[in-house]
There are 2 protein chains.
Amino acid sequence: MAKKITKKTDSAPRGSTFSKERDEKTLKKLVGLADVIAKRTLSGKEPRLEIPMRTKSNTLWDRKKGVLQMGDATAERELFNLNQAKQFMQTILHTSTIKEFIDANKTSSLRGVFYKAKHTVAGTKENTFDTQDESDPILEDLEVALGTLREELHIFAENRGVMAGNITVIDGGDTIDCRASGKGGHGIPSIVEEDVFQFGKCEAKFVLHVEKGTVWNRFNEDRFWEKNNCILTHGAGQPPRGVRRLLQRLNRELKLPIICVLDCDPWGHYIYSVIKQGSISLAFESSRLAIPEARFLGIRSKDFKECDLSDAVKIELSDNDIKRAKEIAAYPWFADNKAWQKEIDLLLSNGFKMEVEAMITKDISYVTEEYVPQRLKARDWLD
Amino acid sequence: MAKKITKKTDSAPRGSTFSKERDEKTLKKLVGLADVIAKRTLSGKEPRLEIPMRTKSNTLWDRKKGVLQMGDATAERELFNLNQAKQFMQTILHTSTIKEFIDANKTSSLRGVFYKAKHTVAGTKENTFDTQDESDPILEDLEVALGTLREELHIFAENRGVMAGNITVIDGGDTIDCRASGKGGHGIPSIVEEDVFQFGKCEAKFVLHVEKGTVWNRFNEDRFWEKNNCILTHGAGQPPRGVRRLLQRLNRELKLPIICVLDCDPWGHYIYSVIKQGSISLAFESSRLAIPEARFLGIRSKDFKECDLSDAVKIELSDNDIKRAKEIAAYPWFADNKAWQKEIDLLLSNGFKMEVEAMITKDISYVTEEYVPQRLKARDWLD
């Protein structure tokens, strides 16, 4: 086992999430947005914002680079336009809230931003925002308009998921030895930008990402990460942004392959798809969250035969499963991928799905001690 | 700040969850159950099991002790009875699976146990179990029949939630300094029995438990636990068993008050109720999971006026909210509690609920720097 590092670094000042430089850069963008409006207004033109369009038609799949990209289409948002005035006001309100967060050196959630900006407009019965459904898209507009990550606007997502394994991380100034993080593991924070979350010594050669805590427990209890020299993560279902960004940084900066072990069903495929490419509606985030080279090791449709599993593992596909499987097969990054087409075809012709936990029917530790190590050795996965 | 302890203890051997003594005790109970059946059978009587009844009518509220207790009623489960034969067989199957887990020194999830026992009975088309809904109650039967905690049967629940604060814990042999657990915190494992999870140095004077990760982030970012000398936990919604058991141990063994900050709505009240007393259908677990003296600090119905909040925080109660609020008010531990009756009455007469995150309308850190500290100082909470 690697030597335990316990030195506390001082690089990230306590209480700060981002470096002064990054915050100044974000503030400059925010102020720049306001400046454009102010200049237009002072020169007698009507106040107007230009927001890149986040529609499917303005989302392009760059097959060569393997990434989703936004097109050049933009939409205007004018103050003196009955259809746009409210959204114009909402955008400006959120800009002001974010500036307040940055000035105070604090972060909040999407819900927090919504509450912060929600109030009744003086002298009217009109609310600035009625529900969070109105608020979130405005923040997404701001992200694209400013070319920033939501986290840089000091907004955090729910934190779920933990990590353990052969790496030391410096999280908020505390040095965490993930080789000695117990049965619980280290909680993955919602913001893992390099300002606040740095990588220390790392012997791990890859990351094994599983879907759920209960599966993670099995792998951690069998000390899979120690025997196979890796980092073990889970995201409690669909991994939140913090987990995705962490996996991307581990992949880009430490060159670690990200290997996913998920259920053999459309939900497992969807989780993999989001880790790999993100979602079409949030294409602008791809560059900061997507991991095009993430691998899907299993569970595979062929495993029922190949692992000689019993009928006990079969869960019949529902009509909705079949619909979802076909939708996922049509995603641009799967559509021209022969191996994935074959995988989903076999899922559909099998007529049943299988969960990672079903591997226990072979043996308690079959999945950790035989299945995954064998597949890793054979480099048998889907890209 | 307290000195960081980094020594790795050797008391809990790696890979083990429970001490040999505890496992032997559990095994003895399991074998005892089988022995009773074997003896009956060998003496010519029909194979039969006696299982304590987990019905509402067999659940008693001990007002004096403030705990839920099970009555003496039992149900018989016979092999030679068409209505009971399947459940008899299922109970024996699970007993055998659990023995296998203990012998192998490994743990699994409820789903894992279900898969392990699920198969087609040889020579028939009958499955031992069709769905997990059949399997879970059989395990609960075994828990009561044996007088053991599910965890002692080597079954873990989903792990959710993290902790940070002025305590050192020894988790699976690793020493974790929760004063230096970064922005992410230490993941709370699903099994926190003293065999595998011990308390080290602790300066904290209480535990602040919040509902969600996003709220936990606000408190952790403001280093509430450092300024107020406490431990900060969340359970990602309804806290899983590991979090509840950890809170109970912190309360019982370290005498720390457990102070909850949850939403002012029936869901927040229900989470508090489960932390305090558990659920009626799982009364037998109360002694190992319930914390009768847990406190509900807020958000309180009176806070709208008392904190001078704006209309922006109001969320109208739905019909279901009203129904749930009335059901909760009738729980035996709330029914004769005047303060709680008043609390729920005011919630209903207000006609709206409020979330912890709504406190941001006062100021980003109002909840961490004013609201909670003031209420703590005034000892203003519900018991």
# chains A, B, ... in the order shown; residues from 1 in each chain; ligands from 1
$ residues_around --residues "A:Asn228" --least-positions-apart "5" --cutoff "9 Å" --atoms "only C-alpha atoms" --output "list in words"
Ala204, Lys205, Phe206, Arg223 and Pro373 of chain A
$ residues_around --residues "stretch 339-356 of chain B" --least-positions-apart "5" --cutoff "7 Å" --atoms "only C-alpha atoms" --output "compact mmCIF listing (two decimals) with N, CA and C atoms, in the first residue's frame"
# COMPACT_ATOMS: atom_id res chain seq x y z
N LEU B 262 -35.01 20.64 9.19
CA LEU B 262 -35.71 20.03 8.06
C LEU B 262 -36.75 21.01 7.53
N ASP B 263 -37.33 20.65 6.39
CA ASP B 263 -38.35 21.54 5.82
C ASP B 263 -39.58 21.60 6.73
N CYS B 264 -40.28 22.71 6.67
CA CYS B 264 -41.54 22.87 7.41
C CYS B 264 -42.67 22.35 6.52
N ASP B 265 -42.77 21.03 6.44
CA ASP B 265 -43.83 20.39 5.67
C ASP B 265 -43.98 18.95 6.16
N ILE B 299 -37.34 24.02 10.10
CA ILE B 299 -38.04 25.29 9.99
C ILE B 299 -39.42 25.16 10.68
N SER B 301 -43.40 26.53 11.74
CA SER B 301 -44.55 27.24 11.14
C SER B 301 -44.56 28.71 11.54
N VAL B 313 -41.50 32.80 0.08
CA VAL B 313 -41.15 31.50 0.67
C VAL B 313 -42.34 30.55 0.73
N LYS B 314 -43.55 31.08 0.54
CA LYS B 314 -44.77 30.27 0.71
C LYS B 314 -44.95 29.27 -0.42
N ILE B 315 -45.17 28.02 -0.06
CA ILE B 315 -45.59 27.03 -1.06
C ILE B 315 -46.90 26.45 -0.56
N GLU B 316 -47.95 26.62 -1.34
CA GLU B 316 -49.28 26.21 -0.90
C GLU B 316 -49.34 24.72 -0.56
N LEU B 317 -50.01 24.37 0.54
CA LEU B 317 -50.19 22.96 0.90
C LEU B 317 -51.12 22.29 -0.11
N ILE B 322 -52.12 18.10 3.32
CA ILE B 322 -53.05 18.28 4.44
C ILE B 322 -53.40 16.92 5.05
N ALA B 325 -50.33 15.63 6.92
CA ALA B 325 -50.10 16.38 8.16
C ALA B 325 -51.01 15.85 9.27
N ALA B 329 -49.93 13.99 12.73
CA ALA B 329 -50.36 14.54 14.02
C ALA B 329 -50.95 13.45 14.91
N PHE B 334 -46.75 12.00 18.68
CA PHE B 334 -47.12 13.40 18.47
C PHE B 334 -48.50 13.69 19.11
N LEU B 382 -38.48 21.71 19.10
CA LEU B 382 -39.55 20.78 19.49
C LEU B 382 -38.93 19.45 19.86
$ closest_atom_pairs --of "chain B" --to "chain A" --cutoff "7 Å" --atoms "only C-alpha atoms" --output "JSON lines"
{"residue": "B:Gly15", "atom": "CA", "partner": "A:Glu221", "partner_atom": "CA", "distance": 6.0}
{"residue": "B:Ser108", "atom": "CA", "partner": "A:Arg218", "partner_atom": "CA", "distance": 6.9}
{"residue": "B:Ser109", "atom": "CA", "partner": "A:Thr214", "partner_atom": "CA", "distance": 6.2}
{"residue": "B:Gly112", "atom": "CA", "partner": "A:Glu357", "partner_atom": "CA", "distance": 5.8}
{"residue": "B:Tyr115", "atom": "CA", "partner": "A:Ala358", "partner_atom": "CA", "distance": 5.8}
{"residue": "B:Lys116", "atom": "CA", "partner": "A:Thr361", "partner_atom": "CA", "distance": 5.0}
{"residue": "B:Lys118", "atom": "CA", "partner": "A:Ala312", "partner_atom": "CA", "distance": 5.8}
{"residue": "B:His119", "atom": "CA", "partner": "A:Ala312", "partner_atom": "CA", "distance": 5.3}
{"residue": "B:Ala157", "atom": "CA", "partner": "A:Thr214", "partner_atom": "CA", "distance": 6.9}
{"residue": "B:Glu158", "atom": "CA", "partner": "A:Thr214", "partner_atom": "CA", "distance": 5.3}
{"residue": "B:Asn159", "atom": "CA", "partner": "A:Gly213", "partner_atom": "CA", "distance": 5.6}
{"residue": "B:Val162", "atom": "CA", "partner": "A:Gly187", "partner_atom": "CA", "distance": 6.4}
{"residue": "B:Asp171", "atom": "CA", "partner": "A:Gly182", "partner_atom": "CA", "distance": 4.6}
{"residue": "B:Gly172", "atom": "CA", "partner": "A:Gly182", "partner_atom": "CA", "distance": 4.8}
{"residue": "B:Gly173", "atom": "CA", "partner": "A:Gly182", "partner_atom": "CA", "distance": 6.6}
{"residue": "B:Asp174", "atom": "CA", "partner": "A:Gly182", "partner_atom": "CA", "distance": 5.1}
{"residue": "B:Ile176", "atom": "CA", "partner": "A:Ser181", "partner_atom": "CA", "distance": 6.8}
{"residue": "B:Ala180", "atom": "CA", "partner": "A:Asp174", "partner_atom": "CA", "distance": 5.2}
{"residue": "B:Ser181", "atom": "CA", "partner": "A:Asp174", "partner_atom": "CA", "distance": 6.2}
{"residue": "B:Gly182", "atom": "CA", "partner": "A:Asp171", "partner_atom": "CA", "distance": 4.6}
{"residue": "B:Lys183", "atom": "CA", "partner": "A:Gly172", "partner_atom": "CA", "distance": 5.5}
{"residue": "B:Gly184", "atom": "CA", "partner": "A:Pro189", "partner_atom": "CA", "distance": 4.1}
{"residue": "B:Gly185", "atom": "CA", "partner": "A:Gly187", "partner_atom": "CA", "distance": 5.2}
{"residue": "B:His186", "atom": "CA", "partner": "A:His186", "partner_atom": "CA", "distance": 4.8}
{"residue": "B:Gly187", "atom": "CA", "partner": "A:Gly184", "partner_atom": "CA", "distance": 4.5}
{"residue": "B:Ile188", "atom": "CA", "partner": "A:Gly184", "partner_atom": "CA", "distance": 5.1}
{"residue": "B:Pro189", "atom": "CA", "partner": "A:Gly184", "partner_atom": "CA", "distance": 4.1}
{"residue": "B:Gly213", "atom": "CA", "partner": "A:Glu158", "partner_atom": "CA", "distance": 5.6}
{"residue": "B:Thr214", "atom": "CA", "partner": "A:Glu158", "partner_atom": "CA", "distance": 5.2}
{"residue": "B:Arg218", "atom": "CA", "partner": "A:Ser108", "partner_atom": "CA", "distance": 6.9}
{"residue": "B:Glu221", "atom": "CA", "partner": "A:Gly15", "partner_atom": "CA", "distance": 6.1}
{"residue": "B:Asp222", "atom": "CA", "partner": "A:Gly15", "partner_atom": "CA", "distance": 6.8}
{"residue": "B:Ala312", "atom": "CA", "partner": "A:His119", "partner_atom": "CA", "distance": 5.3}
{"residue": "B:Glu357", "atom": "CA", "partner": "A:Gly112", "partner_atom": "CA", "distance": 5.8}
{"residue": "B:Ala358", "atom": "CA", "partner": "A:Tyr115", "partner_atom": "CA", "distance": 5.8}
{"residue": "B:Ile360", "atom": "CA", "partner": "A:Lys116", "partner_atom": "CA", "distance": 6.0}
{"residue": "B:Thr361", "atom": "CA", "partner": "A:Lys116", "partner_atom": "CA", "distance": 5.0}
$ write_last_selection --atoms "C-alpha atoms" --output "CSV table (one decimal), in the first residue's frame"
chain,number,residue,atom,x,y,z
B,15,GLY,CA,-12.4,-7.2,5.1
B,108,SER,CA,-24.9,-8.0,0.5
B,109,SER,CA,-28.0,-5.9,-0.1
B,112,GLY,CA,-28.5,-9.4,-3.4
B,115,TYR,CA,-31.2,-12.9,-6.3
B,116,LYS,CA,-29.2,-15.3,-4.3
B,118,LYS,CA,-34.3,-16.8,-6.5
B,119,HIS,CA,-34.4,-19.9,-8.6
B,157,ALA,CA,-28.8,-0.9,2.9
B,158,GLU,CA,-28.1,1.7,0.3
B,159,ASN,CA,-25.5,4.2,1.7
B,162,VAL,CA,-22.1,12.3,4.6
B,171,ASP,CA,-14.2,3.3,9.8
B,172,GLY,CA,-13.2,-0.2,8.7
B,173,GLY,CA,-9.8,0.2,10.3
B,174,ASP,CA,-9.1,3.6,8.7
B,176,ILE,CA,-10.9,9.5,9.4
B,180,ALA,CA,-10.4,17.7,7.6
B,181,SER,CA,-12.9,16.0,5.2
B,182,GLY,CA,-13.0,18.7,2.6
B,183,LYS,CA,-16.0,20.0,0.8
B,184,GLY,CA,-17.2,16.5,0.3
B,185,GLY,CA,-17.2,15.1,3.8
B,186,HIS,CA,-16.9,11.4,4.8
B,187,GLY,CA,-19.4,9.0,3.3
B,188,ILE,CA,-21.5,7.4,6.0
B,189,PRO,CA,-21.3,3.7,5.5
B,213,GLY,CA,-26.9,17.6,0.4
B,214,THR,CA,-27.4,21.1,-1.0
B,218,ARG,CA,-24.3,25.7,2.7
B,221,GLU,CA,-19.1,25.9,3.3
B,222,ASP,CA,-19.8,28.3,6.2
B,312,ALA,CA,-41.8,34.3,-1.8
B,357,GLU,CA,-33.5,26.8,1.4
B,358,ALA,CA,-36.2,29.6,1.5
B,360,ILE,CA,-31.8,32.5,1.5
B,361,THR,CA,-34.4,35.2,0.9
$ select_by_dssp --residues "stretch 72-171 of chain A" --states "strand (DSSP E or B)" --output "ChimeraX atom specification"
/A:74-78,108-109,120,127,155-156,162-165,167-171
$ select_by_dssp --residues "stretch 185-376 of chain B" --states "helix (DSSP H, G or I)" --output "PyMOL selection string"
chain B and resi 213-221+224-227+241-253+266-277+280-289+303-306+311-313+319-329+332-335+338-350+356-361+366-376
$ write_last_selection --atoms "C-alpha atoms" --output "tab-separated table (two decimals), in the first residue's frame"
chain	number	residue	atom	x	y	z
B	213	GLY	CA	-26.86	17.61	0.35
B	214	THR	CA	-27.44	21.11	-1.00
B	215	VAL	CA	-28.36	22.40	2.48
B	216	TRP	CA	-25.42	20.47	3.99
B	217	ASN	CA	-23.16	22.23	1.47
B	218	ARG	CA	-24.30	25.65	2.70
B	219	PHE	CA	-23.56	24.67	6.35
B	220	ASN	CA	-20.24	23.03	5.49
B	221	GLU	CA	-19.15	25.92	3.28
B	224	PHE	CA	-20.87	25.81	10.79
B	225	TRP	CA	-19.49	22.73	12.55
B	226	GLU	CA	-16.25	24.55	13.33
B	227	LYS	CA	-17.89	27.74	14.59
B	241	ARG	CA	-30.48	2.93	8.15
B	242	GLY	CA	-26.74	3.58	8.39
B	243	VAL	CA	-27.27	7.29	9.02
B	244	ARG	CA	-30.02	6.63	11.59
B	245	ARG	CA	-27.91	4.08	13.44
B	246	LEU	CA	-24.92	6.44	13.42
B	247	LEU	CA	-27.03	9.27	14.88
B	248	GLN	CA	-28.37	6.89	17.53
B	249	ARG	CA	-24.87	5.77	18.51
B	250	LEU	CA	-23.65	9.38	18.66
B	251	ASN	CA	-26.62	10.15	20.92
B	252	ARG	CA	-26.37	7.08	23.17
B	253	GLU	CA	-22.65	6.57	23.43
B	266	PRO	CA	-45.27	16.92	6.28
B	267	TRP	CA	-42.25	15.31	4.60
B	268	GLY	CA	-39.86	17.13	6.95
B	269	HIS	CA	-42.04	16.12	9.90
B	270	TYR	CA	-42.07	12.53	8.69
B	271	ILE	CA	-38.26	12.43	8.38
B	272	TYR	CA	-38.03	13.73	11.95
B	273	SER	CA	-40.61	11.17	13.08
B	274	VAL	CA	-38.62	8.29	11.58
B	275	ILE	CA	-35.37	9.54	13.15
B	276	LYS	CA	-37.16	9.88	16.50
B	277	GLN	CA	-39.23	6.69	16.62
B	280	ILE	CA	-44.78	1.43	13.03
B	281	SER	CA	-44.32	-1.41	10.57
B	282	LEU	CA	-40.71	-1.86	11.66
B	283	ALA	CA	-41.30	-1.38	15.39
B	284	PHE	CA	-38.87	-4.20	16.24
B	285	GLU	CA	-35.99	-2.09	14.94
B	286	SER	CA	-36.78	0.85	17.21
B	287	SER	CA	-34.40	-0.18	19.96
B	288	ARG	CA	-31.48	-0.10	17.51
B	289	LEU	CA	-32.44	2.83	15.33
B	303	ASP	CA	-40.99	31.37	11.35
B	304	PHE	CA	-42.87	33.15	8.59
B	305	LYS	CA	-43.85	35.83	11.09
B	306	GLU	CA	-40.99	35.46	13.55
B	311	ASP	CA	-44.39	35.82	0.53
B	312	ALA	CA	-41.77	34.35	-1.79
B	313	VAL	CA	-41.15	31.50	0.67
B	319	ASP	CA	-54.60	18.16	-0.48
B	320	ASN	CA	-52.15	15.34	0.04
B	321	ASP	CA	-49.99	17.54	2.31
B	322	ILE	CA	-53.05	18.28	4.44
B	323	LYS	CA	-53.95	14.59	4.63
B	324	ARG	CA	-50.39	13.62	5.55
B	325	ALA	CA	-50.10	16.38	8.16
B	326	LYS	CA	-53.21	15.07	9.90
B	327	GLU	CA	-51.95	11.48	9.79
B	328	ILE	CA	-48.63	12.51	11.30
B	329	ALA	CA	-50.36	14.54	14.02
B	332	PRO	CA	-48.80	8.24	19.17
B	333	TRP	CA	-45.60	10.21	19.89
B	334	PHE	CA	-47.12	13.40	18.47
B	335	ALA	CA	-50.74	12.83	19.60
B	338	LYS	CA	-48.94	19.73	22.83
B	339	ALA	CA	-46.08	21.58	21.15
B	340	TRP	CA	-46.23	19.31	18.13
B	341	GLN	CA	-50.02	19.58	17.90
B	342	LYS	CA	-49.62	23.36	17.90
B	343	GLU	CA	-46.88	23.16	15.26
B	344	ILE	CA	-48.97	21.07	12.88
B	345	ASP	CA	-52.11	23.15	13.58
B	346	LEU	CA	-50.23	26.30	12.60
B	347	LEU	CA	-48.85	24.63	9.47
B	348	LEU	CA	-52.45	23.80	8.48
B	349	SER	CA	-53.87	27.22	9.34
B	350	ASN	CA	-50.99	28.95	7.54
B	356	VAL	CA	-34.90	25.35	4.56
B	357	GLU	CA	-33.53	26.82	1.35
B	358	ALA	CA	-36.16	29.59	1.46
B	359	MET	CA	-34.14	31.22	4.25
B	360	ILE	CA	-31.82	32.50	1.52
B	361	THR	CA	-34.42	35.21	0.87
B	366	TYR	CA	-28.93	33.71	7.27
B	367	VAL	CA	-29.76	30.09	8.08
B	368	THR	CA	-26.24	29.16	9.18
B	369	GLU	CA	-25.14	32.40	10.81
B	370	GLU	CA	-28.32	33.74	12.41
B	371	TYR	CA	-31.31	31.42	12.38
B	372	VAL	CA	-29.78	28.19	13.71
B	373	PRO	CA	-27.33	29.80	16.19
B	374	GLN	CA	-30.12	31.99	17.67
B	375	ARG	CA	-32.49	29.05	18.08
B	376	LEU	CA	-29.75	26.93	19.62
$ closest_residue --among "A:Leu297, A:Val261, A:Ala330, A:Ala38" --to "A:Lys377" --atoms "only C-alpha atoms"
A:Leu297
$ decode --residues "stretch 88-112 of chain A" --atoms "N, CA and C atoms" --output "compact mmCIF listing (two decimals), in the first residue's frame"
# COMPACT_ATOMS: atom_id res chain seq x y z
N PHE A 88 -36.36 38.83 -19.94
CA PHE A 88 -35.28 39.81 -19.90
C PHE A 88 -35.01 40.19 -18.44
N MET A 89 -36.09 40.53 -17.74
CA MET A 89 -35.98 40.92 -16.34
C MET A 89 -35.41 39.78 -15.50
N GLN A 90 -35.88 38.54 -15.75
CA GLN A 90 -35.40 37.38 -14.99
C GLN A 90 -33.90 37.16 -15.19
N THR A 91 -33.47 37.34 -16.44
CA THR A 91 -32.05 37.15 -16.74
C THR A 91 -31.20 38.16 -15.98
N ILE A 92 -31.66 39.41 -15.99
CA ILE A 92 -30.92 40.47 -15.28
C ILE A 92 -30.91 40.21 -13.77
N LEU A 93 -32.07 39.74 -13.25
CA LEU A 93 -32.16 39.42 -11.81
C LEU A 93 -31.14 38.35 -11.41
N HIS A 94 -31.08 37.29 -12.20
CA HIS A 94 -30.15 36.20 -11.89
C HIS A 94 -28.70 36.67 -12.01
N THR A 95 -28.45 37.54 -12.98
CA THR A 95 -27.10 38.08 -13.13
C THR A 95 -26.69 38.79 -11.84
N SER A 96 -27.65 39.53 -11.30
CA SER A 96 -27.38 40.28 -10.08
C SER A 96 -27.18 39.34 -8.88
N THR A 97 -28.00 38.29 -8.80
CA THR A 97 -27.85 37.31 -7.71
C THR A 97 -26.47 36.65 -7.77
N ILE A 98 -26.05 36.28 -8.98
CA ILE A 98 -24.77 35.60 -9.14
C ILE A 98 -23.62 36.54 -8.75
N LYS A 99 -23.75 37.79 -9.12
CA LYS A 99 -22.71 38.75 -8.73
C LYS A 99 -22.62 38.83 -7.21
N GLU A 100 -23.78 38.79 -6.56
CA GLU A 100 -23.80 38.83 -5.09
C GLU A 100 -23.10 37.58 -4.51
N PHE A 101 -23.38 36.41 -5.09
CA PHE A 101 -22.71 35.18 -4.63
C PHE A 101 -21.19 35.31 -4.77
N ILE A 102 -20.76 35.77 -5.92
CA ILE A 102 -19.32 35.85 -6.18
C ILE A 102 -18.69 36.87 -5.24
N ASP A 103 -19.33 38.01 -5.08
CA ASP A 103 -18.79 39.04 -4.17
C ASP A 103 -18.68 38.51 -2.74
N ALA A 104 -19.67 37.70 -2.32
CA ALA A 104 -19.67 37.18 -0.95
C ALA A 104 -18.80 35.93 -0.83
N ASN A 105 -18.26 35.44 -1.96
CA ASN A 105 -17.44 34.24 -1.96
C ASN A 105 -18.22 33.03 -1.44
N LYS A 106 -19.49 32.93 -1.84
CA LYS A 106 -20.34 31.82 -1.40
C LYS A 106 -21.02 31.17 -2.60
N THR A 107 -21.46 29.93 -2.38
CA THR A 107 -22.17 29.24 -3.46
C THR A 107 -23.56 28.84 -2.98
N SER A 108 -24.44 28.54 -3.91
CA SER A 108 -25.78 28.09 -3.54
C SER A 108 -26.29 27.12 -4.59
N SER A 109 -27.47 26.57 -4.34
CA SER A 109 -28.06 25.60 -5.26
C SER A 109 -28.98 26.30 -6.26
N LEU A 110 -29.42 25.56 -7.28
CA LEU A 110 -30.40 26.10 -8.23
C LEU A 110 -31.63 26.61 -7.48
N ARG A 111 -32.04 25.82 -6.45
CA ARG A 111 -33.21 26.20 -5.67
C ARG A 111 -32.93 27.48 -4.88
N GLY A 112 -31.71 27.60 -4.38
CA GLY A 112 -31.33 28.80 -3.64
C GLY A 112 -31.41 30.03 -4.53
